[in-house]
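K.L.:
Structure supplied as my_file38.csv; contents: CSV, N, CA, C and O atoms.
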chain,number,residue,atom,x,y,z
A,1,MET,N,16.0,6.2,0.3
A,1,MET,CA,17.0,6.3,-0.8
A,1,MET,C,16.5,7.4,-1.8
A,1,MET,O,15.4,7.3,-2.3
A,2,ARG,N,17.3,8.3,-2.1
A,2,ARG,CA,17.0,9.4,-3.0
A,2,ARG,C,17.0,8.9,-4.4
A,2,ARG,O,18.0,8.1,-4.8
A,3,THR,N,16.0,9.2,-5.2
A,3,THR,CA,16.0,8.9,-6.6
A,3,THR,C,16.2,10.1,-7.5
A,3,THR,O,15.4,11.1,-7.3
A,4,PRO,N,17.2,10.2,-8.3
A,4,PRO,CA,17.4,11.3,-9.2
A,4,PRO,C,16.1,11.6,-10.0
A,4,PRO,O,15.5,10.8,-10.6
A,5,GLY,N,15.7,12.9,-10.0
A,5,GLY,CA,14.5,13.3,-10.8
A,5,GLY,C,13.2,13.2,-10.1
A,5,GLY,O,12.2,13.6,-10.6
A,6,CYS,N,13.2,12.7,-8.9
A,6,CYS,CA,12.0,12.6,-8.1
A,6,CYS,C,11.7,13.9,-7.3
A,6,CYS,O,12.5,14.3,-6.5
A,7,SER,N,10.6,14.6,-7.6
A,7,SER,CA,10.4,15.8,-7.0
A,7,SER,C,10.1,15.7,-5.5
A,7,SER,O,10.4,16.6,-4.7
A,8,SER,N,9.5,14.5,-5.1
A,8,SER,CA,9.3,14.3,-3.6
A,8,SER,C,10.6,14.1,-2.9
A,8,SER,O,10.8,14.6,-1.8
A,9,CYS,N,11.6,13.4,-3.5
A,9,CYS,CA,12.9,13.3,-3.0
A,9,CYS,C,13.6,14.6,-2.9
A,9,CYS,O,14.2,15.0,-1.8
A,10,GLU,N,13.5,15.4,-3.9
A,10,GLU,CA,14.1,16.7,-3.9
A,10,GLU,C,13.6,17.7,-2.8
A,10,GLU,O,14.3,18.5,-2.3
A,11,SER,N,12.3,17.6,-2.5
A,11,SER,CA,11.7,18.4,-1.5
A,11,SER,C,11.7,17.8,-0.1
A,11,SER,O,11.2,18.4,0.8
A,12,ALA,N,12.3,16.6,0.0
A,12,ALA,CA,12.5,15.9,1.3
A,12,ALA,C,11.1,15.5,1.8
A,12,ALA,O,10.9,15.5,3.0
A,13,SER,N,10.1,15.3,1.0
A,13,SER,CA,8.8,14.9,1.4
A,13,SER,C,8.9,13.4,1.8
A,13,SER,O,9.5,12.6,1.2
A,14,ASP,N,8.1,13.0,2.8
A,14,ASP,CA,8.1,11.7,3.3
A,14,ASP,C,7.2,10.8,2.4
A,14,ASP,O,6.0,11.0,2.2
A,15,HIS,N,7.9,9.9,1.6
A,15,HIS,CA,7.2,9.1,0.6
A,15,HIS,C,8.0,7.8,0.4
A,15,HIS,O,9.1,7.6,0.9
A,16,CYS,N,7.3,6.9,-0.4
A,16,CYS,CA,7.9,5.7,-0.7
A,16,CYS,C,7.8,5.4,-2.2
A,16,CYS,O,6.7,5.8,-2.8
A,17,HIS,N,8.7,4.8,-2.8
A,17,HIS,CA,8.7,4.5,-4.3
A,17,HIS,C,8.0,3.2,-4.6
A,17,HIS,O,7.8,2.8,-5.7
A,18,GLY,N,7.7,2.4,-3.5
A,18,GLY,CA,7.1,1.1,-3.7
A,18,GLY,C,5.6,1.2,-4.0
A,18,GLY,O,5.0,2.3,-3.9
A,19,THR,N,5.0,0.0,-4.1
A,19,THR,CA,3.6,-0.1,-4.3
A,19,THR,C,3.0,-0.7,-3.0
A,19,THR,O,3.5,-1.7,-2.6
A,20,LEU,N,1.9,-0.1,-2.5
A,20,LEU,CA,1.3,-0.6,-1.3
A,20,LEU,C,0.2,-1.6,-1.7
A,20,LEU,O,-0.6,-1.3,-2.5
A,21,ILE,N,0.3,-2.9,-1.3
A,21,ILE,CA,-0.6,-3.9,-1.6
A,21,ILE,C,-1.6,-4.1,-0.4
A,21,ILE,O,-1.1,-4.4,0.7
A,22,VAL,N,-2.9,-3.9,-0.6
A,22,VAL,CA,-3.8,-4.0,0.5
A,22,VAL,C,-4.5,-5.4,0.4
A,22,VAL,O,-5.1,-5.8,-0.6
A,23,HIS,N,-4.3,-6.2,1.4
A,23,HIS,CA,-4.9,-7.6,1.5
A,23,HIS,C,-6.2,-7.6,2.2
A,23,HIS,O,-6.6,-6.6,2.8
A,24,ALA,N,-6.9,-8.7,2.2
A,24,ALA,CA,-8.1,-8.9,2.9
A,24,ALA,C,-7.9,-8.6,4.4
A,24,ALA,O,-6.8,-8.8,4.9
A,25,GLY,N,-8.8,-8.0,5.0
A,25,GLY,CA,-8.7,-7.6,6.4
A,25,GLY,C,-7.9,-6.3,6.5
A,25,GLY,O,-7.5,-5.9,7.6
A,26,ARG,N,-7.7,-5.6,5.4
A,26,ARG,CA,-7.1,-4.3,5.3
A,26,ARG,C,-5.6,-4.3,5.8
A,26,ARG,O,-5.1,-3.3,6.3
A,27,ILE,N,-5.0,-5.5,5.7
A,27,ILE,CA,-3.6,-5.6,6.0
A,27,ILE,C,-2.8,-5.1,4.8
A,27,ILE,O,-3.1,-5.6,3.7
A,28,ALA,N,-1.8,-4.3,5.0
A,28,ALA,CA,-1.1,-3.7,3.9
A,28,ALA,C,0.4,-4.1,4.0
A,28,ALA,O,1.0,-4.2,5.1
A,29,GLU,N,1.0,-4.3,2.8
A,29,GLU,CA,2.4,-4.5,2.7
A,29,GLU,C,3.0,-3.7,1.5
A,29,GLU,O,2.3,-3.5,0.5
A,30,CYS,N,4.2,-3.3,1.6
A,30,CYS,CA,4.9,-2.5,0.6
A,30,CYS,C,5.9,-3.4,-0.2
A,30,CYS,O,6.6,-4.2,0.4
A,31,THR,N,6.0,-3.2,-1.5
A,31,THR,CA,6.9,-3.9,-2.3
A,31,THR,C,8.3,-3.5,-2.0
A,31,THR,O,9.3,-4.2,-2.4
A,32,GLU,N,8.5,-2.4,-1.4
A,32,GLU,CA,9.9,-1.9,-1.0
A,32,GLU,C,10.2,-2.2,0.4
A,32,GLU,O,11.3,-1.7,0.9
A,33,GLN,N,9.4,-2.9,1.1
A,33,GLN,CA,9.6,-3.2,2.6
A,33,GLN,C,9.9,-2.0,3.4
A,33,GLN,O,10.7,-1.9,4.2
A,34,CYS,N,9.1,-0.9,3.1
A,34,CYS,CA,9.3,0.4,3.9
A,34,CYS,C,8.8,0.2,5.3
A,34,CYS,O,8.1,-0.7,5.6
A,35,PHE,N,9.2,1.2,6.1
A,35,PHE,CA,8.9,1.1,7.5
A,35,PHE,C,7.5,1.6,7.9
A,35,PHE,O,7.0,1.3,9.0
A,36,ASP,N,6.8,2.2,7.0
A,36,ASP,CA,5.5,2.8,7.3
A,36,ASP,C,4.5,2.5,6.1
A,36,ASP,O,4.8,2.9,5.0
A,37,SER,N,3.5,1.8,6.4
A,37,SER,CA,2.5,1.4,5.3
A,37,SER,C,1.3,2.3,5.2
A,37,SER,O,0.3,1.9,4.8
A,38,ALA,N,1.5,3.5,5.5
A,38,ALA,CA,0.5,4.5,5.4
A,38,ALA,C,0.2,4.8,3.9
A,38,ALA,O,1.1,4.9,3.1
A,39,HIS,N,-1.1,4.9,3.6
A,39,HIS,CA,-1.5,5.1,2.2
A,39,HIS,C,-0.9,6.4,1.6
A,39,HIS,O,-0.6,6.5,0.5
A,40,ALA,N,-0.9,7.4,2.5
A,40,ALA,CA,-0.4,8.7,2.0
A,40,ALA,C,1.0,8.7,1.6
A,40,ALA,O,1.4,9.6,0.8
A,41,ARG,N,1.8,7.8,2.0
A,41,ARG,CA,3.3,7.8,1.6
A,41,ARG,C,3.5,7.1,0.3
A,41,ARG,O,4.6,7.1,-0.3
A,42,HIS,N,2.4,6.4,-0.3
A,42,HIS,CA,2.6,5.6,-1.5
A,42,HIS,C,1.8,6.2,-2.6
A,42,HIS,O,0.6,6.5,-2.5
A,43,ALA,N,2.4,6.4,-3.8
A,43,ALA,CA,1.7,6.9,-5.0
A,43,ALA,C,0.9,5.8,-5.6
A,43,ALA,O,-0.1,6.1,-6.2
A,44,PHE,N,1.3,4.5,-5.4
A,44,PHE,CA,0.6,3.4,-6.0
A,44,PHE,C,0.0,2.5,-4.9
A,44,PHE,O,0.8,2.0,-4.1
A,45,VAL,N,-1.3,2.3,-4.9
A,45,VAL,CA,-2.0,1.4,-3.9
A,45,VAL,C,-2.9,0.5,-4.7
A,45,VAL,O,-3.7,1.0,-5.5
A,46,ILE,N,-2.7,-0.8,-4.5
A,46,ILE,CA,-3.6,-1.8,-5.3
A,46,ILE,C,-4.2,-2.8,-4.3
A,46,ILE,O,-3.7,-3.0,-3.2
A,47,ASP,N,-5.2,-3.4,-4.8
A,47,ASP,CA,-5.9,-4.5,-4.0
A,47,ASP,C,-5.1,-5.8,-4.4
A,47,ASP,O,-4.7,-6.0,-5.6
A,48,CYS,N,-4.9,-6.7,-3.5
A,48,CYS,CA,-4.1,-7.9,-3.7
A,48,CYS,C,-4.7,-8.8,-4.8
A,48,CYS,O,-4.0,-9.5,-5.4
A,49,ARG,N,-6.0,-8.7,-5.0
A,49,ARG,CA,-6.7,-9.5,-6.0
A,49,ARG,C,-6.3,-9.0,-7.4
A,49,ARG,O,-6.6,-9.7,-8.4
A,50,ASP,N,-5.7,-7.9,-7.5
A,50,ASP,CA,-5.3,-7.3,-8.8
A,50,ASP,C,-3.9,-7.8,-9.2
A,50,ASP,O,-3.4,-7.5,-10.3
A,51,LEU,N,-3.3,-8.5,-8.3
A,51,LEU,CA,-1.9,-9.1,-8.6
A,51,LEU,C,-2.0,-10.2,-9.7
A,51,LEU,O,-2.9,-11.0,-9.6
A,52,ALA,N,-1.0,-10.2,-10.5
A,52,ALA,CA,-1.0,-11.3,-11.5
A,52,ALA,C,-0.8,-12.6,-10.8
A,52,ALA,O,0.1,-12.7,-9.9
A,53,GLY,N,-1.7,-13.6,-11.1
A,53,GLY,CA,-1.6,-14.8,-10.4
A,53,GLY,C,-2.4,-14.9,-9.1
A,53,GLY,O,-2.4,-15.9,-8.4
A,54,GLY,N,-3.0,-13.8,-8.7
A,54,GLY,CA,-3.8,-13.7,-7.5
A,54,GLY,C,-2.9,-13.6,-6.2
A,54,GLY,O,-1.7,-13.3,-6.3
A,55,CYS,N,-3.5,-13.8,-5.1
A,55,CYS,CA,-2.9,-13.7,-3.8
A,55,CYS,C,-3.3,-14.8,-2.9
A,55,CYS,O,-4.5,-15.3,-3.0
A,56,ARG,N,-2.4,-15.3,-2.0
A,56,ARG,CA,-2.7,-16.4,-1.1
A,56,ARG,C,-3.9,-16.1,-0.2
A,56,ARG,O,-4.6,-17.0,0.2
A,57,CYS,N,-4.1,-14.8,0.2
A,57,CYS,CA,-5.1,-14.5,1.2
A,57,CYS,C,-6.5,-14.6,0.5
A,57,CYS,O,-7.5,-14.6,1.3
A,58,THR,N,-6.6,-14.7,-0.8
A,58,THR,CA,-7.9,-14.9,-1.4
A,58,THR,C,-8.2,-16.3,-1.9
A,58,THR,O,-9.2,-16.6,-2.5
A,59,GLU,N,-7.2,-17.2,-1.6
A,59,GLU,CA,-7.3,-18.6,-2.0
A,59,GLU,C,-8.1,-19.4,-1.0
A,59,GLU,O,-8.3,-18.9,0.1
A,60,GLY,N,-8.5,-20.6,-1.3
A,60,GLY,CA,-9.2,-21.5,-0.4
A,60,GLY,C,-10.7,-21.4,-0.6
A,60,GLY,O,-11.2,-20.8,-1.5
A,61,GLY,N,-11.4,-22.1,0.3
A,61,GLY,CA,-12.8,-22.2,0.2
A,61,GLY,C,-13.6,-21.0,0.6
A,61,GLY,O,-14.8,-21.0,0.3
A,62,THR,N,-13.0,-20.1,1.3
A,62,THR,CA,-13.8,-18.9,1.7
A,62,THR,C,-13.4,-17.7,0.8
A,62,THR,O,-12.3,-17.5,0.5
A,63,VAL,N,-14.4,-16.9,0.5
A,63,VAL,CA,-14.2,-15.7,-0.2
A,63,VAL,C,-14.1,-14.6,0.9
A,63,VAL,O,-15.1,-14.4,1.6
A,64,ARG,N,-13.1,-13.9,0.9
A,64,ARG,CA,-12.9,-12.8,1.9
A,64,ARG,C,-13.4,-11.5,1.4
A,64,ARG,O,-13.5,-11.3,0.2
A,65,ARG,N,-13.8,-10.7,2.3
A,65,ARG,CA,-14.3,-9.3,1.9
A,65,ARG,C,-13.2,-8.6,1.2
A,65,ARG,O,-12.0,-8.6,1.5
A,66,ARG,N,-13.6,-7.9,0.1
A,66,ARG,CA,-12.6,-7.1,-0.7
A,66,ARG,C,-12.1,-5.9,0.2
A,66,ARG,O,-12.9,-5.2,0.7
A,67,ALA,N,-10.8,-5.8,0.2
A,67,ALA,CA,-10.2,-4.7,0.9
A,67,ALA,C,-9.9,-3.5,-0.1
A,67,ALA,O,-9.0,-3.6,-0.9
A,68,TYR,N,-10.7,-2.5,0.0
A,68,TYR,CA,-10.6,-1.4,-0.9
A,68,TYR,C,-9.5,-0.5,-0.4
A,68,TYR,O,-9.2,-0.4,0.7
A,69,ALA,N,-8.8,0.1,-1.4
A,69,ALA,CA,-7.7,1.0,-1.1
A,69,ALA,C,-8.2,2.4,-0.7
A,69,ALA,O,-8.1,3.3,-1.5
A,70,ILE,N,-8.7,2.5,0.5
A,70,ILE,CA,-9.2,3.8,1.0
A,70,ILE,C,-8.2,4.3,2.0
A,70,ILE,O,-7.8,3.6,2.9
A,71,PRO,N,-7.8,5.5,1.8
A,71,PRO,CA,-6.8,6.0,2.7
A,71,PRO,C,-7.2,6.0,4.2
A,71,PRO,O,-8.4,6.3,4.5
A,72,TYR,N,-6.4,5.6,5.1
A,72,TYR,CA,-6.7,5.6,6.5
A,72,TYR,C,-6.4,7.0,7.0
A,72,TYR,O,-5.5,7.7,6.5
A,73,PRO,N,-7.2,7.5,8.0
A,73,PRO,CA,-6.9,8.8,8.5
A,73,PRO,C,-5.6,8.8,9.3
A,73,PRO,O,-5.3,7.8,10.0
A,74,GLY,N,-4.8,9.8,9.1
A,74,GLY,CA,-3.6,10.0,9.8
A,74,GLY,C,-3.8,10.5,11.2
A,74,GLY,O,-5.0,10.8,11.6
A,75,PRO,N,-2.8,10.7,12.0
A,75,PRO,CA,-2.9,11.2,13.3
A,75,PRO,C,-3.5,12.6,13.3
A,75,PRO,O,-3.1,13.5,12.5
A,76,GLY,N,-4.6,12.9,14.0
A,76,GLY,CA,-5.2,14.2,14.1
A,76,GLY,C,-6.2,14.4,13.0
A,76,GLY,O,-6.8,15.5,12.9
A,77,GLU,N,-6.5,13.4,12.1
A,77,GLU,CA,-7.4,13.6,11.0
A,77,GLU,C,-8.8,13.0,11.3
A,77,GLU,O,-9.7,13.0,10.4
A,78,LEU,N,-9.0,12.5,12.5
A,78,LEU,CA,-10.3,11.9,12.8
A,78,LEU,C,-11.4,12.9,13.1
A,78,LEU,O,-11.2,13.9,13.6
Using structure tokens, write down the structure from this file.
P.N.:
Amino acid sequence: MRTPGCSSCESASDHCHGTLIVHAGRIAECTEQCFDSAHARHAFVIDCRDLAGGCRCTEGGTVRRRAYAIPYPGPGEL
């Protein structure tokens, strides 16, 4: 969906206006339910523990490894 005033929309750049939330185990989800959860498509990437009220994946008796928002290599970048 094009957003007026967005330079990425104007240039037809592949991007998302949502926030990518990275959970424990490096599982990612987007607030806009976009089709591709690549870090490069999202201007905003946060750790789920930074969410107000926390996240279900960090609840319980076990403390899970923190999933840092490090960009994954894209095809051909390895």
K.L.:
For each of A:Arg26, A:Gly53, A:His15, A:Ser8, take the minimum atom-to-atom distance to Ala40 of chain A, counting only C-alpha atoms, then give the residue where this is smallest.
P.N.:
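Result for the nearest residue to Ala40 of chain A: A:His15.
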K.L.:
Work out how far apart atom CA of Val45 of chain A and atom CA of Cys30 of chain A are and give it in Å to one decimal.
P.N.:
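Distance reported for this atom pair: 9.1 Å.
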K.L.:
Extract, using only C-alpha atoms, all DNA, RNA and protein residues at most 10 Å from Arg56 of chain A, discarding same-chain residues fewer than 5 positions from it, and format them as a PyMOL selection string.
P.N.:
chain A and resi 23+48-49
K.L.:
Quick one: distance from atom C of Gly18 of chain A to atom O of Ala52 of chain A in Å, one decimal?
P.N.:
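Going from atom C of Gly18 of chain A over to atom O of Ala52 of chain A covers 16.1 Å.
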K.L.:
Record the distance separating atom CA of Ile27 of chain A and atom CA of Asp14 of chain A, expressed in Å with one decimal.
P.N.:
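About the pair atom CA of Ile27 of chain A and atom CA of Asp14 of chain A: they are 21.1 Å apart.
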K.L.:
Closest to Val22 of chain A among A:Asp47, A:Cys55, A:Cys34, A:Thr3, using only C-alpha atoms?
P.N.:
A:Asp47
K.L.:
Tell me, as a tab-separated table (two decimals) with N, CA, C and O atoms, in the frame of the given file, which residues lie within 4.5 Å of Cys16 of chain A, counting only N, CA, C and O atoms; anything in the same chain fewer than 2 positions away does not count.
P.N.:
chain	number	residue	atom	x	y	z
A	18	GLY	N	7.70	2.40	-3.50
A	18	GLY	CA	7.10	1.10	-3.70
A	18	GLY	C	5.60	1.20	-4.00
A	18	GLY	O	5.00	2.30	-3.90
A	41	ARG	N	1.80	7.80	2.00
A	41	ARG	CA	3.30	7.80	1.60
A	41	ARG	C	3.50	7.10	0.30
A	41	ARG	O	4.60	7.10	-0.30
A	42	HIS	N	2.40	6.40	-0.30
A	42	HIS	CA	2.60	5.60	-1.50
A	42	HIS	C	1.80	6.20	-2.60
A	42	HIS	O	0.60	6.50	-2.50
A	43	ALA	N	2.40	6.40	-3.80
A	43	ALA	CA	1.70	6.90	-5.00
A	43	ALA	C	0.90	5.80	-5.60
A	43	ALA	O	-0.10	6.10	-6.20
K.L.:
Since the input has fewer atoms than a full residue there, write segment 48-59 of chain A out with all heavy atoms, as a compact mmCIF listing (two decimals), in the frame of the given file.
P.N.:
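Final file, selection-v9.txt:
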# COMPACT_ATOMS: atom_id res chain seq x y z
N CYS A 48 -4.90 -6.70 -3.50
CA CYS A 48 -4.10 -7.90 -3.70
C CYS A 48 -4.70 -8.80 -4.80
O CYS A 48 -4.00 -9.50 -5.40
CB CYS A 48 -3.88 -8.66 -2.42
SG CYS A 48 -5.35 -9.47 -1.76
N ARG A 49 -6.00 -8.70 -5.00
CA ARG A 49 -6.70 -9.50 -6.00
C ARG A 49 -6.30 -9.00 -7.40
O ARG A 49 -6.60 -9.70 -8.40
CB ARG A 49 -8.18 -9.53 -5.81
CG ARG A 49 -8.55 -10.30 -4.55
CD ARG A 49 -9.98 -10.70 -4.54
NE ARG A 49 -10.81 -9.63 -4.02
CZ ARG A 49 -12.12 -9.73 -3.92
NH1 ARG A 49 -12.74 -10.81 -4.29
NH2 ARG A 49 -12.81 -8.73 -3.43
N ASP A 50 -5.70 -7.90 -7.50
CA ASP A 50 -5.30 -7.30 -8.80
C ASP A 50 -3.90 -7.80 -9.20
O ASP A 50 -3.40 -7.50 -10.30
CB ASP A 50 -5.37 -5.81 -8.86
CG ASP A 50 -6.80 -5.30 -8.74
OD1 ASP A 50 -7.72 -6.01 -9.19
OD2 ASP A 50 -6.99 -4.20 -8.19
N LEU A 51 -3.30 -8.50 -8.30
CA LEU A 51 -1.90 -9.10 -8.60
C LEU A 51 -2.00 -10.20 -9.70
O LEU A 51 -2.90 -11.00 -9.60
CB LEU A 51 -1.27 -9.63 -7.34
CG LEU A 51 -0.94 -8.64 -6.24
CD1 LEU A 51 -0.53 -9.40 -4.98
CD2 LEU A 51 0.17 -7.71 -6.69
N ALA A 52 -1.00 -10.20 -10.50
CA ALA A 52 -1.00 -11.30 -11.50
C ALA A 52 -0.80 -12.60 -10.80
O ALA A 52 0.10 -12.70 -9.90
CB ALA A 52 0.22 -11.07 -12.48
N GLY A 53 -1.70 -13.60 -11.10
CA GLY A 53 -1.60 -14.80 -10.40
C GLY A 53 -2.40 -14.90 -9.10
O GLY A 53 -2.40 -15.90 -8.40
N GLY A 54 -3.00 -13.80 -8.70
CA GLY A 54 -3.80 -13.70 -7.50
C GLY A 54 -2.90 -13.60 -6.20
O GLY A 54 -1.70 -13.30 -6.30
N CYS A 55 -3.50 -13.80 -5.10
CA CYS A 55 -2.90 -13.70 -3.80
C CYS A 55 -3.30 -14.80 -2.90
O CYS A 55 -4.50 -15.30 -3.00
CB CYS A 55 -3.26 -12.35 -3.16
SG CYS A 55 -2.51 -12.07 -1.55
N ARG A 56 -2.40 -15.30 -2.00
CA ARG A 56 -2.70 -16.40 -1.10
C ARG A 56 -3.90 -16.10 -0.20
O ARG A 56 -4.60 -17.00 0.20
CB ARG A 56 -1.48 -16.72 -0.27
CG ARG A 56 -0.47 -17.52 -1.07
CD ARG A 56 0.71 -17.85 -0.21
NE ARG A 56 1.54 -16.63 -0.22
CZ ARG A 56 2.42 -16.33 0.69
NH1 ARG A 56 2.62 -17.11 1.71
NH2 ARG A 56 3.13 -15.23 0.59
N CYS A 57 -4.10 -14.80 0.20
CA CYS A 57 -5.10 -14.50 1.20
C CYS A 57 -6.50 -14.60 0.50
O CYS A 57 -7.50 -14.60 1.30
CB CYS A 57 -4.94 -13.10 1.77
SG CYS A 57 -5.41 -11.71 0.76
N THR A 58 -6.60 -14.70 -0.80
CA THR A 58 -7.90 -14.90 -1.40
C THR A 58 -8.20 -16.30 -1.90
O THR A 58 -9.20 -16.60 -2.50
CB THR A 58 -8.09 -13.95 -2.62
OG1 THR A 58 -7.06 -14.21 -3.57
CG2 THR A 58 -8.03 -12.50 -2.18
N GLU A 59 -7.20 -17.20 -1.60
CA GLU A 59 -7.30 -18.60 -2.00
C GLU A 59 -8.10 -19.40 -1.00
O GLU A 59 -8.30 -18.90 0.10
CB GLU A 59 -5.92 -19.28 -2.19
CG GLU A 59 -5.13 -18.74 -3.35
CD GLU A 59 -3.74 -19.34 -3.41
OE1 GLU A 59 -3.35 -20.09 -2.49
OE2 GLU A 59 -3.04 -19.02 -4.37
